[in-house]
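See structure below.
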Amino acid sequence: MSSGGEDRLAPIIALFGSDQRSDEPTTAVNESRRTPSTELRDVSSAGADAEHDSDPHRVRDVGAESLVRKLRARSLSISEARQILRGHALDALQIDDVIDEFCDRGYLDDAVLADQLVTSGIERKGQGRVALARALAQRGIPRDVINVAMEDLPDDDAERALEFARTKARALSRLDFDTALRRLIGQLARRGYGGSVAMSAAKTALNEAALGQPRTGVRFVDSD
């Protein structure tokens, strides 16, 4: 997580301790160690018994500390955070309490995460709307939040599909046109471009690569 993420988590990290050595175990149970603020006992040699401790406050603290460590590595959706807490034997009320606290402090925010994933999907992965929506859903982001994140997305799938196809077309130019076309359409489909958008982008990019024409003002040429 970036330094900005560390700054956001500073109050929670301070609560549960922030001195993490690079050779420390990464499992939530082994990560638990004594800190003055919470008096968490060291459970590295005691297995998972702390998570089943009769003290509900201790159980909550162990789960919350594990969630902090996960958030220091990457952003999480509320659904993903709940899954982590369930793995530490927190009951439903404890989970709701931790989730509410982290949301109130801004450490969990599905809307912010959705915007980040949309931006990353477009700029780094060249994904289309279908692939973007699928990626957000896989992270457990609710449908209404996904819709909001994508409602202002310009309807430029055709342009983004063509841009991606151009980056792949030259490497396929050694193949016959039909084989190259089939492979490029498949690559586009895996990024959420389908139907006429994928077909048009693939044909245009392959024709440009074969003819050595500039990337603008290209006349479409059919293989047949």
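Ordered as shown in the structure tokens, chains take letters A, B, and onward, while each chain numbers its residues from 1 and ligands are numbered from 1 in the order shown.
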Next item on the list: Would you mind listing what lies within 6 Å of region 168-180 of chain A as an MDAnalysis selection string, with only C-alpha atoms counted and same-chain residues fewer than 6 positions away left out?
Entry: chainID A and resid 205:206 209
Check: Which neighbours of Ala161 (chain A) fall inside 12 Å, counting only C-alpha atoms, when residues of the same chain fewer than 6 positions from it are skipped, and could you give them as an MDAnalysis selection string?
Finding: chainID A and resid 122 125:129 155 167:169 184:205
Can you write out the residues you just picked, keeping N, CA, C and O atoms, as a CSV table (one decimal), in the first residue's frame?
```csv
chain,number,residue,atom,x,y,z
A,122,ILE,N,-8.8,0.4,-16.9
A,122,ILE,CA,-8.8,1.1,-18.2
A,122,ILE,C,-7.3,1.4,-18.6
A,122,ILE,O,-6.9,1.2,-19.7
A,125,LYS,N,-4.8,-2.2,-18.0
A,125,LYS,CA,-5.2,-3.5,-18.5
A,125,LYS,C,-6.0,-3.4,-19.8
A,125,LYS,O,-6.2,-4.4,-20.5
A,126,GLY,N,-6.4,-2.2,-20.2
A,126,GLY,CA,-7.2,-2.0,-21.4
A,126,GLY,C,-8.5,-2.7,-21.4
A,126,GLY,O,-8.9,-3.2,-22.4
A,127,GLN,N,-9.1,-2.8,-20.3
A,127,GLN,CA,-10.4,-3.6,-20.1
A,127,GLN,C,-11.6,-2.8,-20.7
A,127,GLN,O,-11.6,-1.5,-20.6
A,128,GLY,N,-12.6,-3.5,-21.2
A,128,GLY,CA,-13.8,-2.9,-21.6
A,128,GLY,C,-14.8,-2.9,-20.4
A,128,GLY,O,-14.5,-3.4,-19.3
A,129,ARG,N,-16.0,-2.4,-20.7
A,129,ARG,CA,-17.0,-2.3,-19.6
A,129,ARG,C,-17.4,-3.7,-19.0
A,129,ARG,O,-17.6,-3.8,-17.8
A,155,ASP,N,-18.5,6.1,-23.2
A,155,ASP,CA,-18.8,5.0,-24.0
A,155,ASP,C,-17.8,4.9,-25.2
A,155,ASP,O,-18.2,5.1,-26.3
A,167,THR,N,-1.7,-2.8,-30.2
A,167,THR,CA,-0.5,-3.2,-29.5
A,167,THR,C,-0.2,-4.7,-29.7
A,167,THR,O,0.9,-5.1,-29.4
A,168,LYS,N,-1.2,-5.5,-30.1
A,168,LYS,CA,-1.0,-6.9,-30.3
A,168,LYS,C,-0.9,-7.3,-31.8
A,168,LYS,O,-0.4,-8.4,-32.1
A,169,ALA,N,-1.4,-6.4,-32.7
A,169,ALA,CA,-1.5,-6.8,-34.1
A,169,ALA,C,-0.2,-7.2,-34.8
A,169,ALA,O,-0.1,-8.1,-35.5
A,184,LEU,N,-6.8,-12.5,-32.1
A,184,LEU,CA,-6.9,-11.2,-31.6
A,184,LEU,C,-8.3,-10.9,-31.1
A,184,LEU,O,-8.5,-10.3,-30.0
A,185,ILE,N,-9.3,-11.5,-31.7
A,185,ILE,CA,-10.7,-11.3,-31.2
A,185,ILE,C,-10.8,-12.0,-29.8
A,185,ILE,O,-11.4,-11.5,-28.9
A,186,GLY,N,-10.1,-13.2,-29.7
A,186,GLY,CA,-10.1,-13.9,-28.4
A,186,GLY,C,-9.5,-13.0,-27.3
A,186,GLY,O,-10.0,-13.0,-26.2
A,187,GLN,N,-8.4,-12.4,-27.6
A,187,GLN,CA,-7.7,-11.5,-26.7
A,187,GLN,C,-8.6,-10.3,-26.3
A,187,GLN,O,-8.7,-10.0,-25.1
A,188,LEU,N,-9.3,-9.8,-27.2
A,188,LEU,CA,-10.2,-8.7,-26.9
A,188,LEU,C,-11.4,-9.1,-26.1
A,188,LEU,O,-11.8,-8.4,-25.2
A,189,ALA,N,-11.9,-10.3,-26.4
A,189,ALA,CA,-13.0,-10.8,-25.6
A,189,ALA,C,-12.7,-11.1,-24.2
A,189,ALA,O,-13.5,-10.8,-23.3
A,190,ARG,N,-11.4,-11.5,-23.9
A,190,ARG,CA,-11.0,-11.7,-22.5
A,190,ARG,C,-10.9,-10.4,-21.7
A,190,ARG,O,-10.8,-10.5,-20.5
A,191,ARG,N,-10.8,-9.3,-22.4
A,191,ARG,CA,-10.8,-8.0,-21.8
A,191,ARG,C,-12.1,-7.3,-21.8
A,191,ARG,O,-12.2,-6.1,-21.6
A,192,GLY,N,-13.1,-8.1,-22.1
A,192,GLY,CA,-14.5,-7.5,-22.1
A,192,GLY,C,-15.0,-6.9,-23.3
A,192,GLY,O,-16.1,-6.3,-23.3
A,193,TYR,N,-14.3,-7.0,-24.4
A,193,TYR,CA,-14.8,-6.5,-25.7
A,193,TYR,C,-15.4,-7.7,-26.5
A,193,TYR,O,-14.7,-8.7,-26.7
A,194,GLY,N,-16.6,-7.6,-27.0
A,194,GLY,CA,-17.2,-8.6,-27.7
A,194,GLY,C,-17.9,-8.2,-28.9
A,194,GLY,O,-18.1,-7.0,-29.2
A,195,GLY,N,-18.4,-9.1,-29.7
A,195,GLY,CA,-19.2,-8.8,-30.9
A,195,GLY,C,-18.6,-8.0,-31.9
A,195,GLY,O,-17.4,-8.1,-32.2
A,196,SER,N,-19.4,-7.0,-32.4
A,196,SER,CA,-18.9,-6.1,-33.5
A,196,SER,C,-17.7,-5.3,-33.0
A,196,SER,O,-16.9,-4.9,-33.9
A,197,VAL,N,-17.7,-4.9,-31.8
A,197,VAL,CA,-16.5,-4.0,-31.3
A,197,VAL,C,-15.2,-4.8,-31.5
A,197,VAL,O,-14.2,-4.2,-32.0
A,198,ALA,N,-15.2,-6.0,-31.0
A,198,ALA,CA,-13.9,-6.8,-31.1
A,198,ALA,C,-13.6,-7.1,-32.5
A,198,ALA,O,-12.4,-7.0,-33.0
A,199,MET,N,-14.6,-7.4,-33.3
A,199,MET,CA,-14.3,-7.8,-34.7
A,199,MET,C,-13.8,-6.6,-35.5
A,199,MET,O,-12.8,-6.7,-36.2
A,200,SER,N,-14.4,-5.4,-35.3
A,200,SER,CA,-14.0,-4.2,-36.0
A,200,SER,C,-12.6,-3.8,-35.6
A,200,SER,O,-11.7,-3.5,-36.5
A,201,ALA,N,-12.3,-3.8,-34.3
A,201,ALA,CA,-11.0,-3.4,-33.8
A,201,ALA,C,-9.9,-4.4,-34.3
A,201,ALA,O,-8.8,-3.9,-34.7
A,202,ALA,N,-10.2,-5.7,-34.3
A,202,ALA,CA,-9.2,-6.7,-34.7
A,202,ALA,C,-8.9,-6.5,-36.2
A,202,ALA,O,-7.7,-6.5,-36.6
A,203,LYS,N,-9.9,-6.4,-37.0
A,203,LYS,CA,-9.7,-6.3,-38.5
A,203,LYS,C,-8.9,-5.0,-38.8
A,203,LYS,O,-8.0,-5.0,-39.6
A,204,THR,N,-9.3,-3.9,-38.2
A,204,THR,CA,-8.6,-2.6,-38.5
A,204,THR,C,-7.2,-2.7,-38.1
A,204,THR,O,-6.3,-2.3,-38.8
A,205,ALA,N,-6.9,-3.2,-36.9
A,205,ALA,CA,-5.5,-3.2,-36.4
A,205,ALA,C,-4.7,-4.2,-37.2
A,205,ALA,O,-3.5,-3.8,-37.5
```
Next item on the list: Enumerate, as JSON, numbers by chain, the complete set of residues in region 30-218 of chain A that a backbone-based DSSP assignment places in alpha helix (DSSP H).
Entry: {"A": [30, 31, 56, 57, 58, 59, 60, 61, 62, 63, 64, 65, 66, 67, 68, 69, 70, 71, 72, 73, 78, 79, 80, 81, 82, 83, 84, 85, 86, 92, 93, 94, 95, 96, 97, 98, 99, 100, 101, 102, 103, 104, 110, 111, 112, 113, 114, 115, 116, 117, 118, 119, 120, 121, 122, 123, 129, 130, 131, 132, 133, 134, 135, 136, 137, 138, 143, 144, 145, 146, 147, 148, 149, 150, 151, 157, 158, 159, 160, 161, 162, 163, 164, 165, 166, 167, 168, 169, 170, 171, 172, 177, 178, 179, 180, 181, 182, 183, 184, 185, 186, 187, 188, 189, 190, 195, 196, 197, 198, 199, 200, 201, 202, 203, 204, 205, 206, 207, 208, 209, 210, 211]}
Item checked: Nearest-residue call for Arg124 (chain A), choices A:Ile84, A:Phe164, A:Pro56, A:Leu67, using only C-alpha atoms -> A:Phe164
Next item on the list: Tell me, as number ranges by chain, which residues lie within 12 Å of Ala133 (chain A), counting only C-alpha atoms; anything in the same chain fewer than 3 positions away does not count.
Entry: A: 114-115, 117-118, 121-122, 127-130, 136-151, 153, 191-192
With N, CA and C atoms retained, export the selected residues as a short mmCIF file (atom, residue, chain, number, x, y, z; two decimals), in the first residue's frame.
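Result file part.cif:
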```cif
data_model
loop_
_atom_site.label_atom_id
_atom_site.label_comp_id
_atom_site.auth_asym_id
_atom_site.auth_seq_id
_atom_site.Cartn_x
_atom_site.Cartn_y
_atom_site.Cartn_z
N ALA A 114 -13.95 0.99 -5.96
CA ALA A 114 -14.51 0.79 -7.30
C ALA A 114 -13.91 1.78 -8.30
N ASP A 115 -13.79 3.03 -7.90
CA ASP A 115 -13.19 4.04 -8.79
C ASP A 115 -11.74 3.69 -9.11
N LEU A 117 -10.37 0.69 -9.13
CA LEU A 117 -10.31 -0.48 -10.00
C LEU A 117 -10.71 -0.15 -11.44
N VAL A 118 -11.68 0.75 -11.59
CA VAL A 118 -12.08 1.17 -12.94
C VAL A 118 -10.92 1.88 -13.63
N GLY A 121 -8.20 -0.63 -14.43
CA GLY A 121 -8.62 -1.54 -15.50
C GLY A 121 -8.53 -0.90 -16.87
N ILE A 122 -8.83 0.39 -16.93
CA ILE A 122 -8.78 1.09 -18.22
C ILE A 122 -7.34 1.43 -18.60
N GLN A 127 -9.14 -2.80 -20.25
CA GLN A 127 -10.38 -3.55 -20.14
C GLN A 127 -11.58 -2.77 -20.66
N GLY A 128 -12.58 -3.51 -21.16
CA GLY A 128 -13.84 -2.92 -21.58
C GLY A 128 -14.83 -2.94 -20.43
N ARG A 129 -16.02 -2.45 -20.69
CA ARG A 129 -17.02 -2.31 -19.63
C ARG A 129 -17.42 -3.65 -19.02
N VAL A 130 -17.55 -4.66 -19.85
CA VAL A 130 -17.95 -5.97 -19.34
C VAL A 130 -16.90 -6.52 -18.38
N LEU A 136 -14.99 -5.91 -10.73
CA LEU A 136 -15.52 -5.30 -9.50
C LEU A 136 -16.42 -6.26 -8.74
N ALA A 137 -17.24 -6.99 -9.47
CA ALA A 137 -18.13 -7.96 -8.82
C ALA A 137 -17.33 -9.06 -8.13
N GLN A 138 -16.22 -9.46 -8.73
CA GLN A 138 -15.39 -10.50 -8.14
C GLN A 138 -14.75 -10.04 -6.84
N ARG A 139 -14.60 -8.74 -6.66
CA ARG A 139 -14.06 -8.20 -5.41
C ARG A 139 -15.15 -8.01 -4.36
N GLY A 140 -16.39 -8.41 -4.68
CA GLY A 140 -17.47 -8.32 -3.72
C GLY A 140 -18.11 -6.95 -3.61
N ILE A 141 -17.87 -6.10 -4.60
CA ILE A 141 -18.46 -4.76 -4.58
C ILE A 141 -19.91 -4.86 -5.04
N PRO A 142 -20.84 -4.26 -4.31
CA PRO A 142 -22.27 -4.36 -4.66
C PRO A 142 -22.58 -3.78 -6.03
N ARG A 143 -23.63 -4.30 -6.65
CA ARG A 143 -24.01 -3.89 -7.99
C ARG A 143 -24.31 -2.41 -8.08
N ASP A 144 -24.99 -1.84 -7.06
CA ASP A 144 -25.32 -0.42 -7.14
C ASP A 144 -24.07 0.44 -7.10
N VAL A 145 -23.05 0.02 -6.36
CA VAL A 145 -21.79 0.77 -6.31
C VAL A 145 -21.07 0.65 -7.65
N ILE A 146 -21.12 -0.54 -8.25
CA ILE A 146 -20.50 -0.73 -9.56
C ILE A 146 -21.15 0.18 -10.60
N ASN A 147 -22.48 0.24 -10.57
CA ASN A 147 -23.20 1.07 -11.53
C ASN A 147 -22.80 2.53 -11.41
N VAL A 148 -22.67 3.01 -10.19
CA VAL A 148 -22.28 4.41 -9.98
C VAL A 148 -20.86 4.65 -10.49
N ALA A 149 -19.96 3.71 -10.21
CA ALA A 149 -18.56 3.87 -10.63
C ALA A 149 -18.43 3.90 -12.15
N MET A 150 -19.35 3.24 -12.85
CA MET A 150 -19.24 3.13 -14.29
C MET A 150 -20.17 4.05 -15.05
N GLU A 151 -21.06 4.74 -14.35
CA GLU A 151 -22.06 5.54 -15.05
C GLU A 151 -21.45 6.74 -15.77
N LEU A 153 -18.41 6.65 -17.00
CA LEU A 153 -17.38 6.15 -17.90
C LEU A 153 -17.79 6.42 -19.34
N ARG A 191 -10.81 -9.33 -22.44
CA ARG A 191 -10.77 -8.03 -21.78
C ARG A 191 -12.11 -7.32 -21.81
N GLY A 192 -13.13 -8.06 -22.15
CA GLY A 192 -14.48 -7.52 -22.06
C GLY A 192 -15.01 -6.89 -23.32
#
```
Margin query: Give me the residues near Ile95 (chain A) as a VMD selection string, where near means some atom within 10 Å (using only C-alpha atoms) and where sequence neighbours in that chain fewer than 2 positions away do not count.
Written below: chain A and resid 60 63 to 64 81 to 86 88 to 93 97 to 101
Write the selection just made, keeping N, CA, C and O atoms, as a compact mmCIF listing (two decimals), in the first residue's frame?
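So result_1.txt came out as:
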```txt
# COMPACT_ATOMS: atom_id res chain seq x y z
N ARG A 60 -11.87 -10.00 19.23
CA ARG A 60 -12.09 -8.87 18.33
C ARG A 60 -10.77 -8.20 17.96
O ARG A 60 -10.54 -7.86 16.80
N GLY A 63 -8.74 -10.22 15.41
CA GLY A 63 -9.32 -10.10 14.08
C GLY A 63 -9.09 -8.73 13.47
O GLY A 63 -8.74 -8.62 12.29
N ALA A 64 -9.26 -7.68 14.28
CA ALA A 64 -9.06 -6.33 13.77
C ALA A 64 -7.61 -6.09 13.40
O ALA A 64 -7.31 -5.42 12.40
N ALA A 81 -13.26 -7.73 3.62
CA ALA A 81 -12.94 -7.51 5.02
C ALA A 81 -13.77 -8.42 5.92
O ALA A 81 -13.27 -8.98 6.90
N ARG A 82 -15.02 -8.60 5.59
CA ARG A 82 -15.88 -9.48 6.37
C ARG A 82 -15.36 -10.92 6.33
O ARG A 82 -15.37 -11.63 7.34
N GLN A 83 -14.91 -11.35 5.17
CA GLN A 83 -14.38 -12.70 5.05
C GLN A 83 -13.16 -12.89 5.95
O GLN A 83 -13.00 -13.95 6.58
N ILE A 84 -12.30 -11.90 6.00
CA ILE A 84 -11.11 -11.98 6.87
C ILE A 84 -11.52 -12.10 8.32
O ILE A 84 -10.98 -12.92 9.07
N LEU A 85 -12.47 -11.29 8.73
CA LEU A 85 -12.90 -11.31 10.13
C LEU A 85 -13.59 -12.63 10.48
O LEU A 85 -13.44 -13.14 11.60
N ARG A 86 -14.36 -13.17 9.55
CA ARG A 86 -15.00 -14.47 9.81
C ARG A 86 -13.95 -15.55 10.05
O ARG A 86 -14.19 -16.49 10.82
N HIS A 88 -11.43 -15.33 11.73
CA HIS A 88 -10.83 -15.18 13.06
C HIS A 88 -11.86 -15.37 14.17
O HIS A 88 -11.67 -14.88 15.28
N ALA A 89 -12.93 -16.07 13.85
CA ALA A 89 -13.93 -16.48 14.85
C ALA A 89 -14.68 -15.33 15.49
O ALA A 89 -15.22 -15.48 16.59
N LEU A 90 -14.75 -14.18 14.84
CA LEU A 90 -15.59 -13.10 15.34
C LEU A 90 -17.04 -13.43 15.06
O LEU A 90 -17.36 -14.00 14.00
N ASP A 91 -17.92 -13.09 15.99
CA ASP A 91 -19.33 -13.33 15.73
C ASP A 91 -19.89 -12.18 14.89
O ASP A 91 -19.19 -11.20 14.60
N ALA A 92 -21.14 -12.29 14.50
CA ALA A 92 -21.73 -11.32 13.58
C ALA A 92 -21.72 -9.90 14.14
O ALA A 92 -21.44 -8.93 13.41
N LEU A 93 -22.00 -9.75 15.43
CA LEU A 93 -22.01 -8.42 16.03
C LEU A 93 -20.61 -7.83 16.08
O LEU A 93 -20.43 -6.62 15.83
N ASP A 97 -19.31 -4.47 14.14
CA ASP A 97 -18.69 -3.41 14.92
C ASP A 97 -17.36 -2.98 14.31
O ASP A 97 -17.08 -1.78 14.15
N VAL A 98 -16.52 -3.96 13.93
CA VAL A 98 -15.22 -3.65 13.32
C VAL A 98 -15.41 -2.99 11.95
O VAL A 98 -14.76 -1.99 11.64
N ILE A 99 -16.31 -3.55 11.15
CA ILE A 99 -16.56 -2.99 9.82
C ILE A 99 -17.04 -1.55 9.93
O ILE A 99 -16.58 -0.65 9.20
N ASP A 100 -17.98 -1.28 10.84
CA ASP A 100 -18.50 0.07 11.02
C ASP A 100 -17.39 1.04 11.42
O ASP A 100 -17.32 2.17 10.93
N GLU A 101 -16.53 0.58 12.33
CA GLU A 101 -15.43 1.45 12.78
C GLU A 101 -14.48 1.77 11.64
O GLU A 101 -14.09 2.93 11.44
```
Checklist line | Option closest in space to Arg74 (chain A), from A:Ala135, A:Leu108, A:Cys103, A:Val62 [counting only C-alpha atoms] | finding: A:Leu108
